[in-house]
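This is target-v3.csv (CSV, C-alpha atoms (C1' of nucleotides)).
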```
chain,number,residue,atom,x,y,z
A,1,MET,CA,113.4,102.9,82.3
A,2,ASP,CA,111.7,104.0,79.2
A,3,ASP,CA,110.9,107.3,80.9
A,4,LEU,CA,114.5,107.7,81.9
A,5,VAL,CA,115.7,107.1,78.3
A,6,ARG,CA,113.2,109.6,77.0
A,7,VAL,CA,113.7,112.3,79.6
A,8,THR,CA,117.5,112.1,79.9
A,9,GLY,CA,118.1,111.4,76.3
A,10,VAL,CA,120.7,108.8,77.3
A,11,GLY,CA,120.6,105.5,75.5
A,12,ARG,CA,119.4,102.4,77.2
A,13,GLY,CA,122.7,100.6,76.8
A,14,ALA,CA,124.6,103.4,78.4
A,15,ILE,CA,122.4,103.4,81.5
A,16,TYR,CA,122.8,99.6,81.9
A,17,SER,CA,126.6,99.8,81.4
A,18,ASP,CA,127.1,102.8,83.7
A,19,PHE,CA,124.8,101.5,86.4
A,20,GLY,CA,124.2,97.8,86.8
A,21,GLY,CA,120.5,97.7,86.6
A,22,LYS,CA,117.3,99.3,87.9
A,23,ARG,CA,118.0,98.6,91.5
A,24,ASP,CA,121.6,99.8,91.5
A,25,LEU,CA,120.5,102.9,89.6
A,26,PHE,CA,118.0,103.6,92.3
A,27,LEU,CA,120.6,103.1,95.0
A,28,ALA,CA,122.8,105.6,93.2
A,29,CYS,CA,119.9,108.0,93.1
A,30,LEU,CA,119.5,107.7,96.8
A,31,THR,CA,123.1,108.4,97.4
A,32,HIS,CA,123.2,111.3,95.1
A,33,TYR,CA,120.0,112.7,96.7
A,34,GLN,CA,121.8,112.6,100.0
A,35,ASP,CA,125.0,114.3,98.7
A,36,ALA,CA,123.2,116.9,96.6
A,37,THR,CA,119.6,117.6,97.6
A,38,VAL,CA,119.7,116.9,101.3
A,39,THR,CA,123.1,118.7,101.7
A,40,GLN,CA,121.7,121.7,99.9
A,41,ALA,CA,118.5,121.8,102.0
A,42,PHE,CA,119.8,120.7,105.3
A,43,GLY,CA,123.4,121.9,105.2
A,44,GLY,CA,122.5,125.1,107.0
A,45,VAL,CA,121.4,123.1,110.1
A,46,GLU,CA,124.6,121.1,110.0
A,47,ALA,CA,126.8,124.1,109.6
A,48,GLU,CA,129.1,125.2,112.5
A,49,GLY,CA,127.3,127.5,114.8
A,50,ALA,CA,123.9,126.8,113.5
A,51,ARG,CA,121.1,127.4,116.0
A,52,LEU,CA,117.3,127.2,116.1
A,53,SER,CA,117.1,129.8,113.4
A,54,ALA,CA,118.8,127.4,111.0
A,55,ILE,CA,116.1,124.8,111.7
A,56,GLU,CA,113.4,127.4,111.0
A,57,ALA,CA,115.2,128.4,107.8
A,58,TYR,CA,115.4,124.7,106.8
A,59,LEU,CA,111.6,124.4,107.1
A,60,SER,CA,110.6,127.7,105.6
A,61,ASN,CA,113.1,127.3,102.7
A,62,GLY,CA,111.7,123.8,102.0
A,63,ILE,CA,108.2,125.2,101.9
A,64,ALA,CA,109.3,128.1,99.7
A,65,VAL,CA,110.8,125.7,97.2
A,66,ILE,CA,107.5,123.7,97.3
A,67,GLU,CA,105.6,126.9,96.7
A,68,THR,CA,107.5,127.8,93.6
A,69,MET,CA,107.3,124.2,92.3
A,70,GLY,CA,103.6,124.2,93.0
A,71,LEU,CA,101.4,122.0,95.2
A,72,PRO,CA,101.0,119.1,95.6
A,73,ALA,CA,104.7,118.5,96.1
A,74,GLN,CA,106.8,115.4,95.7
A,75,GLY,CA,107.8,114.9,99.3
A,76,CYS,CA,111.3,113.7,100.4
A,77,LEU,CA,112.8,110.9,98.4
A,78,MET,CA,114.0,109.2,101.7
A,79,GLY,CA,110.6,109.4,103.3
A,80,ASN,CA,108.9,108.2,100.1
A,81,THR,CA,111.3,105.3,99.8
A,82,LEU,CA,110.7,104.3,103.4
A,83,SER,CA,106.9,104.2,102.8
A,84,GLU,CA,107.3,102.3,99.6
A,85,LEU,CA,109.6,99.6,101.0
A,86,SER,CA,107.7,96.4,100.8
A,87,SER,CA,110.4,94.0,99.8
A,88,LEU,CA,112.7,95.0,102.7
A,89,ASP,CA,115.9,95.4,100.8
A,90,GLU,CA,118.5,95.6,103.6
A,91,GLU,CA,120.9,97.8,101.6
A,92,ILE,CA,118.2,100.4,100.9
A,93,VAL,CA,116.9,100.4,104.4
A,94,LYS,CA,120.4,101.2,105.5
A,95,VAL,CA,120.5,104.3,103.4
A,96,VAL,CA,117.1,105.5,104.7
A,97,ARG,CA,118.1,104.9,108.3
A,98,ALA,CA,121.3,106.8,107.7
A,99,HIS,CA,119.1,109.7,106.6
A,100,TYR,CA,117.1,109.8,109.7
A,101,ASP,CA,120.3,109.6,111.7
A,102,ARG,CA,121.7,112.5,109.7
A,103,LEU,CA,118.6,114.6,110.4
A,104,THR,CA,118.7,113.8,114.1
A,105,ASP,CA,122.4,114.6,114.4
A,106,GLY,CA,121.9,117.9,112.5
A,107,PHE,CA,119.0,118.9,114.6
A,108,ALA,CA,120.7,117.9,117.8
A,109,HIS,CA,123.7,120.0,116.7
A,110,ALA,CA,121.7,123.1,116.2
A,111,LEU,CA,119.5,122.6,119.2
A,112,ALA,CA,122.5,122.1,121.4
A,113,ASN,CA,124.1,125.3,120.1
A,114,GLU,CA,120.9,127.1,120.7
A,115,VAL,CA,120.7,126.1,124.4
A,116,GLY,CA,124.3,125.8,125.1
A,117,VAL,CA,124.6,122.2,126.0
A,118,SER,CA,126.2,119.1,124.5
A,119,PRO,CA,124.6,117.6,121.4
A,120,THR,CA,124.8,114.3,123.2
A,121,ASP,CA,122.5,115.6,125.9
A,122,VAL,CA,119.7,113.1,126.3
A,123,GLU,CA,116.8,115.6,126.1
A,124,ILE,CA,118.4,117.3,123.1
A,125,GLN,CA,118.8,113.9,121.3
A,126,GLU,CA,115.2,113.0,122.0
A,127,LEU,CA,113.9,116.3,120.8
A,128,ALA,CA,116.1,116.1,117.7
A,129,GLY,CA,114.8,112.6,116.9
A,130,PHE,CA,111.3,113.9,117.3
A,131,LEU,CA,112.0,116.8,115.0
A,132,ALA,CA,113.3,114.4,112.4
A,133,ILE,CA,110.1,112.4,112.5
A,134,SER,CA,107.8,115.4,112.4
A,135,ALA,CA,109.7,117.0,109.6
A,136,GLN,CA,109.4,113.8,107.5
A,137,GLY,CA,105.7,113.7,108.4
A,138,LEU,CA,105.4,117.3,107.1
A,139,TRP,CA,107.2,116.5,103.8
A,140,ALA,CA,104.9,113.5,103.3
A,141,TYR,CA,101.9,115.7,104.0
A,142,THR,CA,103.0,118.1,101.2
A,143,ARG,CA,102.2,115.4,98.7
A,144,GLY,CA,98.5,115.5,99.5
A,145,THR,CA,97.6,119.1,100.1
A,146,ASP,CA,97.3,122.2,98.0
A,147,ASN,CA,97.1,124.6,100.9
A,148,ILE,CA,100.4,126.4,101.2
A,149,ASN,CA,99.3,128.5,104.2
A,150,ASP,CA,98.3,125.4,106.0
A,151,LEU,CA,101.8,124.1,105.5
A,152,LYS,CA,103.4,127.2,106.8
A,153,LYS,CA,101.2,127.1,109.9
A,154,LYS,CA,102.1,123.5,110.6
A,155,ALA,CA,105.8,124.3,110.3
A,156,GLY,CA,105.3,127.2,112.6
A,157,THR,CA,103.6,125.1,115.2
A,158,LEU,CA,106.5,122.6,115.1
A,159,ILE,CA,109.0,125.3,115.7
A,160,GLU,CA,106.8,126.8,118.4
A,161,LEU,CA,106.6,123.5,120.3
A,162,VAL,CA,110.4,123.0,120.0
A,163,LYS,CA,110.9,126.5,121.5
A,164,LEU,CA,108.5,125.6,124.3
A,165,LYS,CA,110.5,122.5,125.0
A,166,LEU,CA,113.8,124.3,124.8
A,167,SER,CA,112.8,126.8,127.3
A,168,SER,CA,112.3,124.0,129.7
A,169,ILE,CA,115.9,122.9,129.3
A,170,PRO,CA,117.5,126.0,130.7
A,171,LEU,CA,121.2,125.3,131.5
A,172,GLU,CA,124.2,127.4,130.7
A,173,SER,CA,122.8,129.4,127.7
A,174,ASP,CA,121.7,132.6,126.3
A,175,SER,CA,118.6,131.7,124.3
A,176,LYS,CA,117.1,133.7,121.4
B,1,MET,CA,96.8,89.9,92.0
B,2,ASP,CA,98.5,86.5,92.0
B,3,ASP,CA,99.4,87.0,95.6
B,4,LEU,CA,95.8,87.9,96.5
B,5,VAL,CA,94.5,84.7,94.7
B,6,ARG,CA,97.1,82.6,96.5
B,7,VAL,CA,96.7,84.2,99.9
B,8,THR,CA,92.9,84.6,100.1
B,9,GLY,CA,92.1,81.4,98.2
B,10,VAL,CA,89.6,83.3,96.2
B,11,GLY,CA,89.4,82.7,92.5
B,12,ARG,CA,90.6,85.3,90.0
B,13,GLY,CA,87.3,85.6,88.3
B,14,ALA,CA,85.5,86.2,91.6
B,15,ILE,CA,87.8,89.1,92.5
B,16,TYR,CA,87.3,90.7,89.1
B,17,SER,CA,83.5,90.3,89.2
B,18,ASP,CA,83.1,91.4,92.9
B,19,PHE,CA,85.4,94.4,92.4
B,20,GLY,CA,86.0,96.0,89.1
B,21,GLY,CA,89.7,95.7,88.8
B,22,LYS,CA,92.9,96.4,90.6
B,23,ARG,CA,92.4,100.1,91.2
B,24,ASP,CA,88.8,99.7,92.4
B,25,LEU,CA,89.9,96.9,94.7
B,26,PHE,CA,92.5,99.1,96.2
B,27,LEU,CA,90.0,101.9,96.7
B,28,ALA,CA,87.8,99.4,98.5
B,29,CYS,CA,90.7,98.4,100.6
B,30,LEU,CA,91.3,102.1,101.6
B,31,THR,CA,87.7,102.5,102.5
B,32,HIS,CA,87.6,99.3,104.5
B,33,TYR,CA,90.8,100.2,106.3
B,34,GLN,CA,89.1,103.5,107.3
B,35,ASP,CA,86.0,101.7,108.6
B,36,ALA,CA,87.7,98.9,110.3
B,37,THR,CA,91.4,99.4,111.2
B,38,VAL,CA,91.4,103.2,111.7
B,39,THR,CA,88.1,103.1,113.7
B,40,GLN,CA,89.5,100.3,115.8
B,41,ALA,CA,92.7,102.2,116.5
B,42,PHE,CA,91.5,105.7,116.6
B,43,GLY,CA,87.9,105.3,117.9
B,44,GLY,CA,89.0,105.9,121.5
B,45,VAL,CA,90.2,109.4,120.6
B,46,GLU,CA,86.9,110.1,118.8
B,47,ALA,CA,84.7,108.8,121.6
B,48,GLU,CA,82.6,111.2,123.6
B,49,GLY,CA,84.5,112.6,126.5
B,50,ALA,CA,87.9,111.5,125.3
B,51,ARG,CA,90.8,113.6,126.6
B,52,LEU,CA,94.5,113.7,126.3
B,53,SER,CA,94.8,110.2,127.8
B,54,ALA,CA,92.9,108.8,124.8
B,55,ILE,CA,95.6,110.2,122.5
B,56,GLU,CA,98.3,108.7,124.7
B,57,ALA,CA,96.5,105.4,124.5
B,58,TYR,CA,96.2,105.6,120.7
B,59,LEU,CA,99.9,106.0,120.4
B,60,SER,CA,100.9,103.4,123.0
B,61,ASN,CA,98.3,100.9,121.7
B,62,GLY,CA,99.6,101.3,118.2
B,63,ILE,CA,103.1,100.7,119.4
B,64,ALA,CA,102.0,97.8,121.4
B,65,VAL,CA,100.4,96.2,118.3
B,66,ILE,CA,103.6,96.8,116.4
B,67,GLU,CA,105.6,95.2,119.2
B,68,THR,CA,103.6,92.0,119.0
B,69,MET,CA,103.7,91.9,115.2
B,70,GLY,CA,107.4,92.5,115.2
B,71,LEU,CA,109.6,95.3,113.8
B,72,PRO,CA,110.0,96.7,111.3
B,73,ALA,CA,106.3,97.4,111.0
B,74,GLN,CA,104.0,98.1,108.0
B,75,GLY,CA,103.1,101.7,108.8
B,76,CYS,CA,99.7,103.2,108.1
B,77,LEU,CA,98.1,102.3,104.8
B,78,MET,CA,97.0,106.0,104.4
B,79,GLY,CA,100.4,107.3,105.0
B,80,ASN,CA,102.0,104.7,102.7
B,81,THR,CA,99.5,105.5,100.0
B,82,LEU,CA,100.2,109.2,100.3
B,83,SER,CA,103.9,108.6,99.8
B,84,GLU,CA,103.4,106.2,96.9
B,85,LEU,CA,101.1,108.5,95.0
B,86,SER,CA,102.9,109.3,91.8
B,87,SER,CA,100.1,109.3,89.4
B,88,LEU,CA,97.9,111.6,91.3
B,89,ASP,CA,94.6,109.8,91.2
B,90,GLU,CA,92.2,112.4,92.4
B,91,GLU,CA,89.8,109.9,93.9
B,92,ILE,CA,92.5,108.2,96.0
B,93,VAL,CA,94.0,111.6,97.1
B,94,LYS,CA,90.5,112.4,98.4
B,95,VAL,CA,90.4,109.4,100.6
B,96,VAL,CA,93.8,110.1,102.1
B,97,ARG,CA,93.0,113.7,102.7
B,98,ALA,CA,89.8,112.7,104.5
B,99,HIS,CA,92.0,110.5,106.7
B,100,TYR,CA,94.2,113.5,107.7
B,101,ASP,CA,91.0,115.5,108.4
B,102,ARG,CA,89.6,112.7,110.5
B,103,LEU,CA,92.8,112.5,112.6
B,104,THR,CA,92.8,116.3,113.0
B,105,ASP,CA,89.2,116.4,114.0
B,106,GLY,CA,89.6,113.5,116.5
B,107,PHE,CA,92.7,115.1,118.0
B,108,ALA,CA,91.0,118.5,118.2
B,109,HIS,CA,88.0,116.8,119.9
B,110,ALA,CA,90.1,115.2,122.6
B,111,LEU,CA,92.4,118.2,123.1
B,112,ALA,CA,89.4,120.5,123.4
B,113,ASN,CA,87.9,118.2,126.0
B,114,GLU,CA,91.2,118.2,127.9
B,115,VAL,CA,91.5,121.9,128.1
B,116,GLY,CA,87.8,122.8,128.2
B,117,VAL,CA,87.6,124.9,125.1
B,118,SER,CA,85.8,124.5,121.8
B,119,PRO,CA,87.2,122.0,119.3
B,120,THR,CA,87.1,124.9,116.8
B,121,ASP,CA,89.5,126.9,118.8
B,122,VAL,CA,92.2,128.1,116.4
B,123,GLU,CA,95.1,127.0,118.6
B,124,ILE,CA,93.5,123.6,119.3
B,125,GLN,CA,92.9,123.1,115.6
B,126,GLU,CA,96.5,123.9,114.7
B,127,LEU,CA,97.9,121.7,117.5
B,128,ALA,CA,95.6,118.8,116.3
B,129,GLY,CA,96.7,119.2,112.7
B,130,PHE,CA,100.3,119.1,113.9
B,131,LEU,CA,99.6,116.0,115.9
B,132,ALA,CA,98.2,114.3,112.9
B,133,ILE,CA,101.3,115.0,110.9
B,134,SER,CA,103.7,113.9,113.6
B,135,ALA,CA,101.7,110.7,114.3
B,136,GLN,CA,101.8,109.8,110.6
B,137,GLY,CA,105.5,110.6,110.6
B,138,LEU,CA,105.9,108.2,113.5
B,139,TRP,CA,104.0,105.4,111.8
B,140,ALA,CA,106.2,105.8,108.7
B,141,TYR,CA,109.3,105.7,110.9
B,142,THR,CA,108.2,102.3,112.3
B,143,ARG,CA,108.8,100.8,108.8
B,144,GLY,CA,112.5,101.4,109.1
B,145,THR,CA,113.5,100.8,112.7
B,146,ASP,CA,113.8,97.8,114.8
B,147,ASN,CA,114.2,99.7,118.1
B,148,ILE,CA,110.9,99.5,120.0
B,149,ASN,CA,112.2,101.6,122.9
B,150,ASP,CA,113.2,104.3,120.5
B,151,LEU,CA,109.6,104.3,119.2
B,152,LYS,CA,108.2,104.6,122.7
B,153,LYS,CA,110.4,107.5,123.6
B,154,LYS,CA,109.5,109.3,120.5
B,155,ALA,CA,105.8,108.9,121.2
B,156,GLY,CA,106.5,110.0,124.7
B,157,THR,CA,108.2,113.1,123.5
B,158,LEU,CA,105.3,114.0,121.2
B,159,ILE,CA,102.8,113.7,124.1
B,160,GLU,CA,105.2,115.7,126.3
B,161,LEU,CA,105.3,118.6,123.8
B,162,VAL,CA,101.5,118.5,123.4
B,163,LYS,CA,101.2,118.8,127.2
B,164,LEU,CA,103.6,121.7,127.2
B,165,LYS,CA,101.6,123.5,124.6
B,166,LEU,CA,98.3,122.7,126.3
B,167,SER,CA,99.5,124.2,129.5
B,168,SER,CA,100.0,127.5,127.6
B,169,ILE,CA,96.3,127.5,126.6
B,170,PRO,CA,94.7,127.8,130.0
B,171,LEU,CA,91.2,129.0,129.7
B,172,GLU,CA,88.1,127.6,131.5
B,173,SER,CA,89.4,124.1,132.3
B,174,ASP,CA,90.5,121.6,134.9
B,175,SER,CA,93.5,119.9,133.3
B,176,LYS,CA,94.9,116.5,134.2
C,1,DG,C1',145.0,107.6,60.0
C,2,DT,C1',144.2,104.2,63.3
C,3,DT,C1',142.7,102.5,67.5
C,4,DG,C1',140.0,102.5,71.6
C,5,DT,C1',136.3,104.1,74.2
C,6,DA,C1',131.7,105.6,75.0
C,7,DG,C1',127.5,106.4,73.5
C,8,DT,C1',123.2,106.0,70.3
C,9,DG,C1',119.1,103.9,68.4
C,10,DA,C1',116.4,100.2,67.8
C,11,DA,C1',115.2,95.7,67.8
C,12,DA,C1',114.6,91.4,70.3
C,13,DT,C1',114.0,88.6,74.5
C,14,DG,C1',111.9,86.9,78.5
C,15,DA,C1',109.5,87.8,82.6
C,16,DT,C1',105.8,89.9,85.0
C,17,DC,C1',101.3,91.2,85.4
C,18,DG,C1',96.4,92.9,84.8
C,19,DT,C1',92.6,91.1,82.7
C,20,DT,C1',89.4,88.0,80.3
C,21,DC,C1',87.3,83.7,79.5
C,22,DC,C1',85.3,79.4,80.2
C,23,DA,C1',84.4,74.7,81.5
C,24,DG,C1',83.3,72.5,85.6
C,25,DT,C1',81.5,72.5,90.6
C,26,DA,C1',79.0,73.5,94.9
C,27,DC,C1',74.8,74.7,96.5
C,28,DA,C1',70.6,77.2,97.6
C,29,DA,C1',65.9,78.0,96.0
C,30,DT,C1',61.8,76.5,93.9
D,1,DA,C1',65.0,67.3,89.7
D,2,DT,C1',65.9,71.7,87.9
D,3,DT,C1',67.2,76.2,87.6
D,4,DG,C1',70.1,79.9,88.9
D,5,DT,C1',73.8,81.9,91.2
D,6,DA,C1',78.4,82.2,92.8
D,7,DC,C1',82.6,80.4,92.8
D,8,DT,C1',86.9,77.7,91.4
D,9,DG,C1',90.9,76.4,88.6
D,10,DG,C1',93.4,77.2,85.0
D,11,DA,C1',94.4,78.6,80.6
D,12,DA,C1',95.2,82.3,77.6
D,13,DC,C1',95.7,87.1,75.9
D,14,DG,C1',97.8,91.5,75.7
D,15,DA,C1',100.4,95.0,77.7
D,16,DT,C1',104.2,96.6,80.2
D,17,DC,C1',108.8,96.4,81.3
D,18,DA,C1',113.7,95.2,82.7
D,19,DT,C1',117.4,93.6,80.3
D,20,DT,C1',120.4,92.2,76.4
D,21,DT,C1',122.5,92.7,72.1
D,22,DC,C1',124.3,94.8,68.2
D,23,DA,C1',125.3,97.6,64.2
D,24,DC,C1',126.6,102.3,63.7
D,25,DT,C1',128.5,106.9,65.1
D,26,DA,C1',131.3,110.5,67.6
D,27,DC,C1',135.4,111.5,69.2
D,28,DA,C1',139.7,111.7,71.9
D,29,DA,C1',144.5,109.7,72.1
D,30,DC,C1',148.6,108.6,70.0
```

This structure in structure tokens:
Amino acid sequence: MDDLVRVTGVGRGAIYSDFGGKRDLFLACLTHYQDATVTQAFGGVEAEGARLSAIEAYLSNGIAVIETMGLPAQGCLMGNTLSELSSLDEEIVKVVRAHYDRLTDGFAHALANEVGVSPTDVEIQELAGFLAISAQGLWAYTRGTDNINDLKKKAGTLIELVKLKLSSIPLESDSK
Amino acid sequence: MDDLVRVTGVGRGAIYSDFGGKRDLFLACLTHYQDATVTQAFGGVEAEGARLSAIEAYLSNGIAVIETMGLPAQGCLMGNTLSELSSLDEEIVKVVRAHYDRLTDGFAHALANEVGVSPTDVEIQELAGFLAISAQGLWAYTRGTDNINDLKKKAGTLIELVKLKLSSIPLESDSK
DNA sequence: GTTGTAGTGAAATGATCGTTCCAGTACAAT
DNA sequence: ATTGTACTGGAACGATCATTTCACTACAAC
């Protein structure tokens, strides 16, 4: 709280009257992170007509941002929150779960477009959920490394594996 | 610290004389976690002659333990620590990095055995590093879900993708 | 100009927590 | 029996921190 007062230049009283307290402030941060940061970074994957290239762009853009900010990075607020959750605050868990669902839906959307099947396809859903987990794992990893090329290669491997899997789901599509 | 005194039944003074303080205690916990918990869970992958089946067992055993302990789970201490690292304590970062390296080496060892190539093979190394990240992502995810079947499917997808990739590295091997 | 709203700046409160200290106890070694 | 070691139980200290309160200021509305 002291840090917030110092960094934002906003008075203590204003913070406590605008938000209820520390926990509510944090919840508001989570929501704002979803609306602003995640939408900014992930919106391309959720956009109409997005395909595998949008997923590639999501990863490489994320890594590019990290590169300009300098390693080690800060990771994803959602993933960090999930790993810090000791007192399992149901309201906060709900927000984090919604994030994973959002990632999964977005990935499924783009993957389905790529292959030309329904986003509700079981294999697509499962692959999308897996992508969400691996991506979160990657963002967590950025907190501990200082090797940007390592990061890029790992993202590349993720995309490569997804492509391999996609090519084994050949239905009514024209694939890239 | 109060919790530790209450739960362990060890006096406060003893804790502070045996370990230096809170930070040193935590570092000792990290080291002990490596020696005991990780070795217990991951030793099969590191064992001589381990192959892909050992990796499958590592994942399914981990999920089985989680199932008996009940969801949501606690995740991996190394991964949790990495995500909680705000004051980047170099000594602690070192331990967490070593954990990722250990996972990567272990995976590379088993993957190389599976395919019949050297563990230093570039593609094997990259796939192993990717496995480490995805596995950590999976353990983090267990902190937020209560769906054990979802977990099992995600682990299955990870293994499936690894198999797909392995089958594209056919050198001098007899594969499973 | 007055009123109302929103914010500042700083002090004060109360809780939490890491750490230290010490008197007393259990017990093994000699 | 005595000495030494290791530990307990609990008090106490000091720092940190979330939260509250309040006198004062800036400013828009009317």

Could you pull out every residue with an atom within 10 Å of (113.0, 85.9, 77.6), file coordinates, counting only C-alpha atoms (C1' of nucleotides), and send them as a PDB file with C-alpha atoms (C1' of nucleotides), in the frame of the given file?
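Below is the file point-v8.pdb, written as the result:
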```
ATOM      1  C1'  DA C  12     114.600  91.400  70.300  1.00  0.00           C
ATOM      2  C1'  DT C  13     114.000  88.600  74.500  1.00  0.00           C
ATOM      3  C1'  DG C  14     111.900  86.900  78.500  1.00  0.00           C
ATOM      4  C1'  DA C  15     109.500  87.800  82.600  1.00  0.00           C
TER       5       DA C  15
ATOM      6  C1'  DT D  19     117.400  93.600  80.300  1.00  0.00           C
ATOM      7  C1'  DT D  20     120.400  92.200  76.400  1.00  0.00           C
TER       8       DT D  20
END
```

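Nearest-residue note for Glu56 in chain B: choosing from B:Ile92, B:Val162, B:Leu103, B:Leu82, the minimum distance belongs to B:Val162, counting all atoms listed in the file.
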
Please identify all polymer residues within 8 Å of Gly75 in chain A, counting all atoms listed in the file, omitting same-chain residues fewer than 2 positions from it, and present them as an mmCIF file with C-alpha atoms, keeping the file's coordinate frame.
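Contents of the output file selection.cif:
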```cif
data_model
loop_
_atom_site.group_PDB
_atom_site.id
_atom_site.type_symbol
_atom_site.label_atom_id
_atom_site.label_comp_id
_atom_site.auth_asym_id
_atom_site.auth_seq_id
_atom_site.Cartn_x
_atom_site.Cartn_y
_atom_site.Cartn_z
ATOM 1 C CA ALA A 73 104.700 118.500 96.100
ATOM 2 C CA LEU A 77 112.800 110.900 98.400
ATOM 3 C CA GLY A 79 110.600 109.400 103.300
ATOM 4 C CA ASN A 80 108.900 108.200 100.100
ATOM 5 C CA TRP A 139 107.200 116.500 103.800
ATOM 6 C CA ALA A 140 104.900 113.500 103.300
ATOM 7 C CA TYR A 141 101.900 115.700 104.000
ATOM 8 C CA THR A 142 103.000 118.100 101.200
ATOM 9 C CA ARG A 143 102.200 115.400 98.700
ATOM 10 C CA SER B 83 103.900 108.600 99.800
#
```

Using all atoms listed in the file, what does the table of chain B residues within 7 Å of chain A look like, with each row giving the shortest atom pair and its distance in Å to one decimal, sorted by chain and ascending number, as a tab-separated table?
```
residue	atom	partner	partner_atom	distance
B:Asn80	CA	A:Ser83	CA	4.9
B:Leu82	CA	A:Gly144	CA	6.6
B:Ser83	CA	A:Asn80	CA	5.0
B:Glu84	CA	A:Glu84	CA	6.1
B:Val93	CA	A:Gly144	CA	6.4
B:Arg97	CA	A:Gly144	CA	6.6
B:Glu126	CA	A:Lys154	CA	7.0
B:Phe130	CA	A:Lys154	CA	5.8
B:Ile133	CA	A:Gly137	CA	5.2
B:Ser134	CA	A:Ser134	CA	4.5
B:Gln136	CA	A:Gly137	CA	5.9
B:Gly137	CA	A:Gly137	CA	3.8
B:Leu138	CA	A:Ile133	CA	6.0
B:Ala140	CA	A:Ser83	CA	6.2
B:Tyr141	CA	A:Ile133	CA	6.9
B:Arg143	CA	A:Leu82	CA	6.7
B:Gly144	CA	A:Val93	CA	6.5
B:Lys154	CA	A:Phe130	CA	5.9
B:Thr157	CA	A:Phe130	CA	7.0
B:Leu161	CA	A:Leu161	CA	6.2
B:Leu164	CA	A:Leu164	CA	6.9
B:Lys165	CA	A:Leu161	CA	6.6
```

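All protein, DNA and RNA residues at most 12 Å from (85.4, 82.9, 77.0) are B:Gly13, C:DT20, C:DC21, C:DC22, C:DA23, D:DA11, D:DA12, D:DC13, using all atoms listed in the file.
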
Please list as a ChimeraX atom specification every residue within 9 Å of Arg51 in chain B, counting all atoms listed in the file and excluding residues in the same chain fewer than 5 positions away.
/B:45,107,109-115

Long-range neighbours of range 37-41 of chain A as an mmCIF file with C-alpha atoms, in the frame of the given file, 10 Å cut-off, all atoms listed in the file, 5 positions minimum in chain:
```
data_model
loop_
_atom_site.group_PDB
_atom_site.id
_atom_site.type_symbol
_atom_site.label_atom_id
_atom_site.label_comp_id
_atom_site.auth_asym_id
_atom_site.auth_seq_id
_atom_site.Cartn_x
_atom_site.Cartn_y
_atom_site.Cartn_z
ATOM 1 C CA LEU A 30 119.500 107.700 96.800
ATOM 2 C CA THR A 31 123.100 108.400 97.400
ATOM 3 C CA HIS A 32 123.200 111.300 95.100
ATOM 4 C CA GLU A 46 124.600 121.100 110.000
ATOM 5 C CA ALA A 57 115.200 128.400 107.800
ATOM 6 C CA TYR A 58 115.400 124.700 106.800
ATOM 7 C CA LEU A 59 111.600 124.400 107.100
ATOM 8 C CA ASN A 61 113.100 127.300 102.700
ATOM 9 C CA GLY A 62 111.700 123.800 102.000
ATOM 10 C CA VAL A 65 110.800 125.700 97.200
ATOM 11 C CA CYS A 76 111.300 113.700 100.400
ATOM 12 C CA LEU A 77 112.800 110.900 98.400
ATOM 13 C CA MET A 78 114.000 109.200 101.700
ATOM 14 C CA HIS A 99 119.100 109.700 106.600
ATOM 15 C CA ARG A 102 121.700 112.500 109.700
ATOM 16 C CA LEU A 103 118.600 114.600 110.400
#
```

Provide as a ChimeraX atom specification the residues of chain D at most 12 Å from chain A, counting only C-alpha atoms (C1' of nucleotides).
/D:16-22

Would you pick out the contacts of DT3 in chain D at 12 Å or less, using only C-alpha atoms (C1' of nucleotides), so that residues sharing its chain but fewer than 3 positions from it are not included, and give the list as a ChimeraX atom specification?
/C:27-30

Please, which residues of chain C lie no more than 10 Å from chain A when the count uses only C-alpha atoms (C1' of nucleotides), and can they be set out as a PyMOL selection string?
chain C and resi 6-9

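Atom pair CA of Val5 in chain B / CA of Asp24 in chain B has a distance of 16.2 Å (rounded to one decimal).
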
Taken to one decimal, the C1' of DC24 in chain D-C1' of DT2 in chain C distance is 17.7 Å

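Separating CA of Gln34 in chain A from CA of Leu71 in chain B is a distance of 25.3 Å.
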
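Proximity ranking of B:Val122, B:Leu52, B:Thr104, B:Val95 relative to Ala28 in chain B places B:Val95 first, based on only C-alpha atoms.
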